[in-house]
Amino acid sequence: MSTRFRSFSTRLLNHLRNCWLKHHFRELDLDCYVSPKAVIWGRRGISLGYKTQIQPYATLQCTRWNQFDESCGTLSIGAKTKIQPHAYLHTLGGTIEIGENCSVNPFCMIYGAKGGLKIGNNVRIAAHTVIIPSNHNFELRDVPITYQQSTSVGITIEDDVWIGTGVSILDGVVVGTGCVLGAGSVVTKSTDPYGVYVGIPAKKINERSR
């Protein structure tokens, strides 16, 4: 069997599979790739764009914690964005919007929640990054934290951002266009466009040159 024929056969099988999958997603471009080994819950709330790639063992969950069949919230991933193996995206009943030409690398934890998460275009998210637009309340001493309400303002990550490995981004933050967040940083406040931030909590140490 020639290489050209095998390549054609693979493309044809992927196309036929995507035709079948299209009826189970909120929106799915026929040129995207969803690995059979990816874990997808709540397909009816998920939209995948042109040539989006969902790699093996990545998880997309568009349901509540204990509700795996019915969609809850929406998860939208733009064209040519790659979700790498073992990345975990969970709407938590809210929304996750990821733009075009982004990468979400292995072992990232990305949540939506009530406040929602919006990620722009050309964003690079390195491995082990945690982005959670929600916080537990803990003011009451006589009530366990698990029984207190949570707050969710939302997180926005604008275009052309590079997030280093092991970064944590907390609720209420807006990461400005063109920012670089150094490895291991904890981002607790919004950032200036094109700033370079490092540390716990993250502080601006430089700007990208013009």
# chains A, B, ... in the order shown; residues from 1 in each chain; ligands from 1
$ select_by_dssp --residues "stretch 56-146 of chain A" --states "strand (DSSP E or B)" --output "PyMOL selection string"
chain A and resi 59-61+74-77+82-83+88-90+95-98+103-104+109-111+117-119+124-125+130-131+135-136
$ residues_around --residues "stretch 53-63 of chain A" --least-positions-apart "4" --cutoff "6 Å" --atoms "only C-alpha atoms" --output "PyMOL selection string"
chain A and resi 32-35+37-42+67-68+71-72+82-91
$ residues_around --residues "A:Asp29" --least-positions-apart "2" --cutoff "7 Å" --atoms "only C-alpha atoms" --output "ChimeraX atom specification"
/A:27,31-32,48-50
$ closest_residue --among "A:Arg210, A:Gly154, A:Val180, A:Ala113" --to "A:Tyr197" --atoms "only C-alpha atoms"
A:Val180
$ residues_around --residues "stretch 101-105 of chain A" --least-positions-apart "2" --cutoff "7 Å" --atoms "only C-alpha atoms" --output "PDB file with N, CA, C and O atoms, in the first residue's frame"
ATOM      1  N   ALA A  79     -10.377  28.216  15.329  1.00  0.00           N
ATOM      2  CA  ALA A  79      -9.656  27.540  14.255  1.00  0.00           C
ATOM      3  C   ALA A  79      -8.176  27.351  14.586  1.00  0.00           C
ATOM      4  O   ALA A  79      -7.535  28.230  15.164  1.00  0.00           O
ATOM      5  N   LYS A  80      -7.665  26.179  14.227  1.00  0.00           N
ATOM      6  CA  LYS A  80      -6.245  25.842  14.301  1.00  0.00           C
ATOM      7  C   LYS A  80      -5.677  25.882  15.726  1.00  0.00           C
ATOM      8  O   LYS A  80      -4.470  26.024  15.917  1.00  0.00           O
ATOM      9  N   THR A  81      -6.541  25.760  16.691  1.00  0.00           N
ATOM     10  CA  THR A  81      -6.098  25.665  18.088  1.00  0.00           C
ATOM     11  C   THR A  81      -5.867  24.201  18.442  1.00  0.00           C
ATOM     12  O   THR A  81      -6.621  23.330  18.015  1.00  0.00           O
ATOM     13  N   LYS A  82      -4.831  23.930  19.235  1.00  0.00           N
ATOM     14  CA  LYS A  82      -4.472  22.569  19.608  1.00  0.00           C
ATOM     15  C   LYS A  82      -4.624  22.375  21.109  1.00  0.00           C
ATOM     16  O   LYS A  82      -4.061  23.132  21.896  1.00  0.00           O
ATOM     17  N   ILE A  83      -5.375  21.354  21.474  1.00  0.00           N
ATOM     18  CA  ILE A  83      -5.505  20.931  22.868  1.00  0.00           C
ATOM     19  C   ILE A  83      -4.696  19.651  23.013  1.00  0.00           C
ATOM     20  O   ILE A  83      -5.058  18.607  22.463  1.00  0.00           O
ATOM     21  N   GLN A  84      -3.598  19.731  23.748  1.00  0.00           N
ATOM     22  CA  GLN A  84      -2.638  18.642  23.787  1.00  0.00           C
ATOM     23  C   GLN A  84      -3.038  17.546  24.797  1.00  0.00           C
ATOM     24  O   GLN A  84      -3.933  17.750  25.628  1.00  0.00           O
ATOM     25  N   ALA A  87      -4.498  17.663  28.777  1.00  0.00           N
ATOM     26  CA  ALA A  87      -5.078  18.956  29.168  1.00  0.00           C
ATOM     27  C   ALA A  87      -6.531  18.718  29.591  1.00  0.00           C
ATOM     28  O   ALA A  87      -7.215  17.835  29.056  1.00  0.00           O
ATOM     29  N   GLY A  99      -9.737  31.414  21.364  1.00  0.00           N
ATOM     30  CA  GLY A  99      -9.671  31.935  20.013  1.00  0.00           C
ATOM     31  C   GLY A  99      -8.911  31.046  19.050  1.00  0.00           C
ATOM     32  O   GLY A  99      -8.745  29.843  19.259  1.00  0.00           O
ATOM     33  N   PHE A 107      -1.423  18.724  30.742  1.00  0.00           N
ATOM     34  CA  PHE A 107      -1.673  18.875  32.183  1.00  0.00           C
ATOM     35  C   PHE A 107      -2.093  20.285  32.590  1.00  0.00           C
ATOM     36  O   PHE A 107      -1.988  20.648  33.762  1.00  0.00           O
ATOM     37  N   CYS A 108      -2.582  21.080  31.636  1.00  0.00           N
ATOM     38  CA  CYS A 108      -3.218  22.350  32.001  1.00  0.00           C
ATOM     39  C   CYS A 108      -4.600  22.078  32.594  1.00  0.00           C
ATOM     40  O   CYS A 108      -5.294  21.154  32.177  1.00  0.00           O
ATOM     41  N   ASN A 121      -6.691  35.296  20.525  1.00  0.00           N
ATOM     42  CA  ASN A 121      -5.998  34.577  19.464  1.00  0.00           C
ATOM     43  C   ASN A 121      -4.493  34.520  19.713  1.00  0.00           C
ATOM     44  O   ASN A 121      -3.927  35.393  20.367  1.00  0.00           O
ATOM     45  N   ASN A 122      -3.847  33.489  19.184  1.00  0.00           N
ATOM     46  CA  ASN A 122      -2.383  33.358  19.240  1.00  0.00           C
ATOM     47  C   ASN A 122      -1.844  33.345  20.672  1.00  0.00           C
ATOM     48  O   ASN A 122      -0.817  33.957  20.972  1.00  0.00           O
ATOM     49  N   VAL A 123      -2.534  32.639  21.533  1.00  0.00           N
ATOM     50  CA  VAL A 123      -2.133  32.516  22.935  1.00  0.00           C
ATOM     51  C   VAL A 123      -1.449  31.172  23.140  1.00  0.00           C
ATOM     52  O   VAL A 123      -1.964  30.128  22.716  1.00  0.00           O
ATOM     53  N   ARG A 124      -0.298  31.202  23.798  1.00  0.00           N
ATOM     54  CA  ARG A 124       0.449  29.982  24.101  1.00  0.00           C
ATOM     55  C   ARG A 124       0.370  29.707  25.593  1.00  0.00           C
ATOM     56  O   ARG A 124       0.797  30.541  26.407  1.00  0.00           O
ATOM     57  N   ILE A 125      -0.160  28.539  25.959  1.00  0.00           N
ATOM     58  CA  ILE A 125      -0.348  28.175  27.357  1.00  0.00           C
ATOM     59  C   ILE A 125       0.490  26.936  27.627  1.00  0.00           C
ATOM     60  O   ILE A 125       0.187  25.845  27.141  1.00  0.00           O
ATOM     61  N   ALA A 126       1.553  27.094  28.401  1.00  0.00           N
ATOM     62  CA  ALA A 126       2.487  25.991  28.639  1.00  0.00           C
ATOM     63  C   ALA A 126       1.916  24.983  29.639  1.00  0.00           C
ATOM     64  O   ALA A 126       0.906  25.229  30.313  1.00  0.00           O
ATOM     65  N   ALA A 127       2.599  23.847  29.744  1.00  0.00           N
ATOM     66  CA  ALA A 127       2.143  22.734  30.575  1.00  0.00           C
ATOM     67  C   ALA A 127       1.969  23.132  32.039  1.00  0.00           C
ATOM     68  O   ALA A 127       2.664  24.009  32.554  1.00  0.00           O
TER      69      ALA A 127
END
$ residues_around --residues "stretch 94-97 of chain A" --least-positions-apart "4" --cutoff "10 Å" --atoms "only C-alpha atoms" --output "PyMOL selection string"
chain A and resi 45-47+62-64+72-78+89-90+110-120+133+152+154-156
$ residues_around --residues "A:Val167" --least-positions-apart "3" --cutoff "8 Å" --atoms "only C-alpha atoms" --output "PyMOL selection string"
chain A and resi 128-130+163-164+181-187
$ atom_distance --atom1 "atom CA of A:Ser190" --atom2 "atom CA of A:Ser209"
20.2 Å
